[in-house]
$ cat work30.pdb   # PDB, C-alpha atoms and all ligand atoms
ATOM      1  CA  MET A  15     -16.618 -57.872   7.434
ATOM      2  CA  GLY A  16     -18.543 -56.575   4.476
ATOM      3  CA  ASP A  17     -16.733 -55.114   1.531
ATOM      4  CA  ILE A  18     -15.496 -51.674   2.436
ATOM      5  CA  VAL A  19     -15.924 -49.011  -0.204
ATOM      6  CA  LYS A  20     -12.618 -47.246   0.204
ATOM      7  CA  LYS A  21     -12.640 -43.484   0.311
ATOM      8  CA  ILE A  22     -10.179 -41.839  -2.057
ATOM      9  CA  ILE A  23      -8.465 -39.004  -0.221
ATOM     10  CA  TYR A  24      -6.054 -36.485  -1.768
ATOM     11  CA  VAL A  25      -3.548 -34.570   0.338
ATOM     12  CA  ASP A  26      -1.959 -31.333  -0.850
ATOM     13  CA  MET A  27       1.727 -30.591  -0.205
ATOM     14  CA  ASP A  28       2.454 -26.843   0.150
ATOM     15  CA  HIS A  29       0.968 -25.466   3.403
ATOM     16  CA  VAL A  30      -0.576 -28.875   4.217
ATOM     17  CA  LEU A  31       2.224 -31.441   4.392
ATOM     18  CA  CYS A  32       5.104 -28.987   3.890
ATOM     19  CA  ASP A  33       6.027 -25.732   5.621
ATOM     20  CA  TYR A  34       6.159 -23.533   2.509
ATOM     21  CA  GLU A  35       6.301 -20.266   4.447
ATOM     22  CA  GLU A  36       9.384 -21.146   6.447
ATOM     23  CA  ALA A  37      11.217 -22.479   3.393
ATOM     24  CA  TRP A  38      10.310 -19.425   1.313
ATOM     25  CA  ALA A  39      11.648 -17.059   3.993
ATOM     26  CA  ARG A  40      14.889 -19.036   4.157
ATOM     27  CA  GLN A  41      15.209 -18.969   0.382
ATOM     28  CA  GLN A  42      14.517 -15.238   0.300
ATOM     29  CA  ALA A  43      17.335 -14.658   2.781
ATOM     30  CA  LEU A  44      19.663 -16.642   0.496
ATOM     31  CA  PHE A  45      18.596 -14.757  -2.643
ATOM     32  CA  PRO A  46      17.466 -11.317  -1.434
ATOM     33  CA  ASN A  47      17.584  -9.751  -4.903
ATOM     34  CA  LEU A  48      15.259 -12.250  -6.549
ATOM     35  CA  GLU A  49      11.556 -11.534  -6.898
ATOM     36  CA  PHE A  50      10.851 -15.263  -6.950
ATOM     37  CA  PRO A  51      13.378 -16.980  -4.688
ATOM     38  CA  GLN A  52      11.591 -20.290  -5.230
ATOM     39  CA  SER A  53      13.109 -20.209  -8.723
ATOM     40  CA  GLN A  54      16.390 -21.428  -7.221
ATOM     41  CA  PRO A  55      16.852 -25.145  -6.509
ATOM     42  CA  GLY A  56      16.762 -26.305  -2.916
ATOM     43  CA  MET A  57      13.553 -24.796  -1.654
ATOM     44  CA  TYR A  58      11.065 -27.589  -2.300
ATOM     45  CA  ILE A  59      13.284 -30.389  -1.072
ATOM     46  CA  GLY A  60      14.288 -28.299   1.932
ATOM     47  CA  MET A  61      10.808 -27.772   3.356
ATOM     48  CA  SER A  62      10.100 -29.025   6.859
ATOM     49  CA  PRO A  63       7.034 -31.158   7.395
ATOM     50  CA  LEU A  64       4.258 -29.237   9.156
ATOM     51  CA  PRO A  65       3.471 -30.353  12.731
ATOM     52  CA  GLY A  66       1.574 -33.646  12.741
ATOM     53  CA  ALA A  67       1.589 -33.870   8.933
ATOM     54  CA  LEU A  68       3.627 -37.056   8.521
ATOM     55  CA  GLU A  69       1.816 -38.810  11.370
ATOM     56  CA  GLY A  70      -1.542 -37.654   9.989
ATOM     57  CA  TYR A  71      -0.697 -38.814   6.486
ATOM     58  CA  ARG A  72       0.479 -42.222   7.695
ATOM     59  CA  TRP A  73      -2.607 -42.684   9.838
ATOM     60  CA  LEU A  74      -4.901 -41.881   6.916
ATOM     61  CA  ASN A  75      -2.868 -44.042   4.562
ATOM     62  CA  ASP A  76      -2.879 -47.029   6.924
ATOM     63  CA  HIS A  77      -6.619 -46.820   7.562
ATOM     64  CA  PRO A  78      -8.434 -49.810   6.030
ATOM     65  CA  ALA A  79     -11.194 -47.598   4.597
ATOM     66  CA  THR A  80      -8.963 -45.237   2.611
ATOM     67  CA  GLU A  81      -6.869 -44.907  -0.516
ATOM     68  CA  VAL A  82      -4.594 -41.915  -0.043
ATOM     69  CA  TYR A  83      -2.777 -39.926  -2.732
ATOM     70  CA  ILE A  84      -0.656 -36.794  -2.630
ATOM     71  CA  LEU A  85      -2.073 -34.229  -5.045
ATOM     72  CA  THR A  86       0.108 -31.189  -5.580
ATOM     73  CA  ALA A  87       0.256 -28.436  -8.154
ATOM     74  CA  PRO A  88       3.721 -27.613  -9.499
ATOM     75  CA  SER A  89       5.357 -24.244  -9.845
ATOM     76  CA  ILE A  90       5.370 -24.597 -13.625
ATOM     77  CA  HIS A  91       8.175 -22.105 -14.267
ATOM     78  CA  ASN A  92      10.560 -24.087 -12.076
ATOM     79  CA  SER A  93      11.356 -27.545 -13.381
ATOM     80  CA  HIS A  94      13.314 -28.466 -10.245
ATOM     81  CA  CYS A  95      10.038 -28.131  -8.348
ATOM     82  CA  TYR A  96       8.777 -31.359  -9.969
ATOM     83  CA  SER A  97      11.766 -33.471  -9.001
ATOM     84  CA  GLU A  98      12.201 -31.877  -5.585
ATOM     85  CA  LYS A  99       8.560 -32.541  -4.686
ATOM     86  CA  ARG A 100       9.075 -36.159  -5.664
ATOM     87  CA  ASP A 101      12.268 -36.369  -3.620
ATOM     88  CA  TRP A 102      10.597 -34.709  -0.615
ATOM     89  CA  VAL A 103       7.914 -37.384  -0.611
ATOM     90  CA  GLU A 104      10.484 -40.181  -0.735
ATOM     91  CA  LYS A 105      12.596 -38.557   1.970
ATOM     92  CA  HIS A 106       9.746 -38.053   4.438
ATOM     93  CA  LEU A 107       7.156 -40.696   3.544
ATOM     94  CA  GLY A 108       9.056 -43.347   1.608
ATOM     95  CA  LEU A 109       8.999 -44.778  -1.879
ATOM     96  CA  SER A 110       5.524 -46.264  -1.455
ATOM     97  CA  ALA A 111       4.142 -42.732  -1.131
ATOM     98  CA  VAL A 112       5.969 -41.684  -4.318
ATOM     99  CA  LYS A 113       3.832 -44.269  -6.139
ATOM    100  CA  ASN A 114       0.792 -42.274  -5.038
ATOM    101  CA  LEU A 115       2.198 -38.853  -5.858
ATOM    102  CA  ILE A 116       0.274 -36.887  -8.483
ATOM    103  CA  ILE A 117       1.697 -33.570  -9.709
ATOM    104  CA  THR A 118      -0.841 -31.585 -11.698
ATOM    105  CA  PRO A 119      -2.068 -28.014 -12.145
ATOM    106  CA  HIS A 120      -5.615 -29.405 -12.596
ATOM    107  CA  LYS A 121      -6.676 -31.047  -9.347
ATOM    108  CA  ASN A 122     -10.313 -31.330 -10.433
ATOM    109  CA  LEU A 123      -9.467 -34.017 -13.010
ATOM    110  CA  ASN A 124      -8.746 -36.567 -10.292
ATOM    111  CA  LYS A 125     -11.675 -38.662  -9.109
ATOM    112  CA  GLY A 126     -12.182 -38.998  -5.390
ATOM    113  CA  HIS A 127     -14.087 -38.309  -2.220
ATOM    114  CA  TYR A 128     -11.975 -35.825  -0.273
ATOM    115  CA  LEU A 129      -9.329 -33.220  -1.025
ATOM    116  CA  ILE A 130      -7.320 -31.823   1.885
ATOM    117  CA  ASP A 131      -6.023 -28.497   0.583
ATOM    118  CA  ASP A 132      -5.249 -25.040   1.948
ATOM    119  CA  MET A 133      -6.637 -23.341  -1.178
ATOM    120  CA  ALA A 134     -10.309 -23.422  -2.185
ATOM    121  CA  SER A 135      -9.561 -22.526  -5.814
ATOM    122  CA  GLY A 136      -6.790 -21.717  -8.259
ATOM    123  CA  LYS A 137      -5.708 -25.239  -9.235
ATOM    124  CA  GLY A 138      -9.111 -26.792  -9.833
ATOM    125  CA  GLN A 139     -10.020 -27.259  -6.171
ATOM    126  CA  ASP A 140     -13.388 -25.542  -6.669
ATOM    127  CA  ALA A 141     -14.304 -28.021  -9.411
ATOM    128  CA  PHE A 142     -13.197 -31.138  -7.499
ATOM    129  CA  GLU A 143     -16.053 -33.648  -7.452
ATOM    130  CA  GLY A 144     -15.622 -34.630  -3.800
ATOM    131  CA  SER A 145     -15.541 -32.697  -0.539
ATOM    132  CA  LEU A 146     -12.905 -30.087   0.165
ATOM    133  CA  ILE A 147     -11.277 -30.170   3.590
ATOM    134  CA  LEU A 148      -9.966 -26.612   3.760
ATOM    135  CA  PHE A 149      -6.735 -26.877   5.722
ATOM    136  CA  GLY A 150      -5.946 -23.793   7.806
ATOM    137  CA  SER A 151      -9.619 -22.829   8.117
ATOM    138  CA  ASP A 152     -11.384 -22.398  11.463
ATOM    139  CA  ARG A 153     -12.778 -25.905  11.201
ATOM    140  CA  PHE A 154      -9.513 -27.536  10.114
ATOM    141  CA  PRO A 155      -6.708 -25.417  11.580
ATOM    142  CA  ASP A 156      -4.219 -28.301  11.866
ATOM    143  CA  TRP A 157      -3.642 -32.005  11.388
ATOM    144  CA  SER A 158      -5.217 -33.054  14.665
ATOM    145  CA  SER A 159      -8.536 -31.527  13.566
ATOM    146  CA  VAL A 160      -8.275 -33.281  10.197
ATOM    147  CA  ARG A 161      -7.594 -36.583  11.893
ATOM    148  CA  ALA A 162     -10.504 -36.077  14.319
ATOM    149  CA  PHE A 163     -12.810 -35.458  11.345
ATOM    150  CA  PHE A 164     -11.737 -38.623   9.530
ATOM    151  CA  GLU A 165     -11.829 -40.730  12.686
ATOM    152  CA  LYS A 166     -15.569 -40.064  12.759
ATOM    153  CA  ALA A 167     -16.220 -40.010   9.021
ATOM    154  CA  LEU A 168     -14.390 -43.271   8.347
ATOM    155  CA  ILE A 169     -15.881 -45.124  11.302
ATOM    156  CA  SER A 170     -19.377 -44.362  10.036
ATOM    157  CA  GLU A 171     -18.172 -45.457   6.595
ATOM    158  CA  ILE A 172     -17.130 -48.830   7.947
ATOM    159  CA  GLY A 173     -20.306 -49.007   9.989
ATOM    160  CA  ALA A 174     -22.420 -48.538   6.873
ATOM    161  CA  THR A 175     -20.901 -51.614   5.252
ATOM    162  CA  GLU A 176     -20.209 -53.622   8.364
ATOM    163  CA  ASP A 177     -22.427 -56.639   8.870
ATOM    164  CA  PHE A 178     -23.141 -58.325  12.149
ATOM    165  CA  ALA A 179     -23.709 -62.057  12.126
ATOM    166  CA  LEU A 180     -25.539 -61.979   8.824
ATOM    167  CA  ASP A 181     -25.298 -64.887   6.434
ATOM    168  CA  GLN A 182     -24.838 -64.460   2.683
ATOM    169  CA  GLU A 183     -28.564 -64.663   1.970
ATOM    170  CA  ASP A 184     -29.239 -61.836   4.427
ATOM    171  CA  ARG A 185     -26.525 -59.698   2.867
ATOM    172  CA  ASP A 186     -27.825 -60.306  -0.642
ATOM    173  CA  TRP A 187     -31.327 -59.398   0.459
ATOM    174  CA  LEU A 188     -30.192 -56.179   2.118
ATOM    175  CA  ARG A 189     -28.223 -55.143  -0.966
ATOM    176  CA  MET A 190     -31.012 -55.739  -3.470
ATOM    177  CA  LYS A 191     -33.964 -54.598  -1.383
ATOM    178  CA  PRO A 192     -35.484 -51.621  -3.199
ATOM    179  CA  VAL A 193     -37.755 -49.011  -1.666
ATOM    180  CA  GLY A 194     -41.329 -50.310  -1.770
ATOM    181  CA  ARG A 195     -40.301 -53.937  -2.017
ATOM    182  CA  GLU A 196     -43.116 -54.999   0.317
ATOM    183  CA  ILE A 197     -45.746 -53.583  -2.031
ATOM    184  CA  LEU A 198     -44.301 -55.343  -5.063
ATOM    185  CA  ASP A 199     -44.313 -58.672  -3.253
TER     186      ASP A 199
HETATM  187 MG    MG B   1      -1.237 -25.846  -0.878
END

$ encode --input "work30.pdb" --output "structure tokens"
Amino acid sequence: MGDIVKKIIYVDMDHVLCDYEEAWARQQALFPNLEFPQSQPGMYIGMSPLPGALEGYRWLNDHPATEVYILTAPSIHNSHCYSEKRDWVEKHLGLSAVKNLIITPHKNLNKGHYLIDDMASGKGQDAFEGSLILFGSDRFPDWSSVRAFFEKALISEIGATEDFALDQEDRDWLRMKPVGREILD
């Protein structure tokens, strides 16, 4: 195997891993007089995972060609949102995923190749240096479509660095060979 250049992939929480809509409706029923029912503790930790989200996350995370992080913007007025997001990740994905949890209102400041997010802008998504996978769009309506995309994208990634029965000299040659090498020689 050649060295695999791992793809850094960020996964959003609300509307991507977590069912925000369902939790918000439940919270609204509990606090019908509040304009912002998410201001009360219990909503962020109480979200259900969206269908296929945990399986999709684990598959991406376990893939040898990826480094996966959770990248979520906080509701800055609600301090419990920060701790409940952290606790949600531990509850559903384990402590190892908490190590890769990034809570920031500025998603564009994180370096990487892909961002799976349901919003194209608002928290820096439009300035992210990599490719946006717009969750909920026609192309990526759900987790199975996201997984199908990465199954292809990551296989070609491995293929680009895979070597077949080459010795070290061959590999070195292929790496250093510039365009027009034949003319220079
Ligand atoms: Mg979101």

$ closest_atom_pairs --input "work30.pdb" --of "chain A" --to "ligand MG 1 (chain B)" --cutoff "7 Å" --atoms "all atoms listed in the file" --output "Markdown table"
| residue | atom | partner | partner_atom | distance |
| --- | --- | --- | --- | --- |
| A:Asp26 | CA | B:MG1 | MG | 5.5 |
| A:Met27 | CA | B:MG1 | MG | 5.6 |
| A:Asp28 | CA | B:MG1 | MG | 4.0 |
| A:His29 | CA | B:MG1 | MG | 4.8 |
| A:Val30 | CA | B:MG1 | MG | 6.0 |
| A:Asp131 | CA | B:MG1 | MG | 5.7 |
| A:Asp132 | CA | B:MG1 | MG | 5.0 |
| A:Met133 | CA | B:MG1 | MG | 6.0 |

$ atom_distance --input "work30.pdb" --atom1 "atom CA of Tyr83 of chain A" --atom2 "atom CA of Lys125 of chain A"
11.0 Å

$ residues_around --input "work30.pdb" --residues "Ile130 of chain A" --least-positions-apart "2" --cutoff "7 Å" --atoms "only C-alpha atoms" --output "list in words"
Tyr24, Val25, Asp26, Tyr128, Leu146, Ile147, Leu148 and Phe149 of chain A

$ residues_around --input "work30.pdb" --residues "Asn75 of chain A" --least-positions-apart "4" --cutoff "12 Å" --atoms "only C-alpha atoms" --output "PyMOL selection string"
chain A and resi 20-25+67-71+79-84+107+110-111+114+161+164

$ resolve_selection --input "work30.pdb" --expression "the PyMOL selection byres (((chain A and resi 56-63) around 7) and not hetatm)" --output "VMD selection string"
chain A and resid 31 to 34 37 to 38 41 52 54 to 55 64 to 65 67 to 68 95 98 to 99 101 to 102

$ resolve_selection --input "work30.pdb" --expression "the PyMOL selection byres (((chain A and resi 139) around 10) and not hetatm)" --output "VMD selection string"
chain A and resid 119 to 123 129 to 138 140 to 146 148

$ write_last_selection --input "work30.pdb" --atoms "C-alpha atoms" --output "mmCIF file, in the frame of the given file"
data_model
loop_
_atom_site.group_PDB
_atom_site.id
_atom_site.type_symbol
_atom_site.label_atom_id
_atom_site.label_comp_id
_atom_site.auth_asym_id
_atom_site.auth_seq_id
_atom_site.Cartn_x
_atom_site.Cartn_y
_atom_site.Cartn_z
ATOM 1 C CA PRO A 119 -2.068 -28.014 -12.145
ATOM 2 C CA HIS A 120 -5.615 -29.405 -12.596
ATOM 3 C CA LYS A 121 -6.676 -31.047 -9.347
ATOM 4 C CA ASN A 122 -10.313 -31.330 -10.433
ATOM 5 C CA LEU A 123 -9.467 -34.017 -13.010
ATOM 6 C CA LEU A 129 -9.329 -33.220 -1.025
ATOM 7 C CA ILE A 130 -7.320 -31.823 1.885
ATOM 8 C CA ASP A 131 -6.023 -28.497 0.583
ATOM 9 C CA ASP A 132 -5.249 -25.040 1.948
ATOM 10 C CA MET A 133 -6.637 -23.341 -1.178
ATOM 11 C CA ALA A 134 -10.309 -23.422 -2.185
ATOM 12 C CA SER A 135 -9.561 -22.526 -5.814
ATOM 13 C CA GLY A 136 -6.790 -21.717 -8.259
ATOM 14 C CA LYS A 137 -5.708 -25.239 -9.235
ATOM 15 C CA GLY A 138 -9.111 -26.792 -9.833
ATOM 16 C CA ASP A 140 -13.388 -25.542 -6.669
ATOM 17 C CA ALA A 141 -14.304 -28.021 -9.411
ATOM 18 C CA PHE A 142 -13.197 -31.138 -7.499
ATOM 19 C CA GLU A 143 -16.053 -33.648 -7.452
ATOM 20 C CA GLY A 144 -15.622 -34.630 -3.800
ATOM 21 C CA SER A 145 -15.541 -32.697 -0.539
ATOM 22 C CA LEU A 146 -12.905 -30.087 0.165
ATOM 23 C CA LEU A 148 -9.966 -26.612 3.760
#

$ atom_distance --input "work30.pdb" --atom1 "atom CA of Ser158 of chain A" --atom2 "atom CA of Gly66 of chain A"
7.1 Å

$ atom_distance --input "work30.pdb" --atom1 "atom CA of Asp156 of chain A" --atom2 "atom CA of Leu74 of chain A"
14.5 Å

$ closest_residue --input "work30.pdb" --among "A:Arg72, A:Pro51, A:Phe154, A:His127" --to "His106 of chain A" --atoms "all atoms listed in the file"
A:Arg72

$ closest_residue --input "work30.pdb" --among "A:Val19, A:Glu36, A:Ile169, A:Trp73" --to "Trp157 of chain A" --atoms "all atoms listed in the file"
A:Trp73
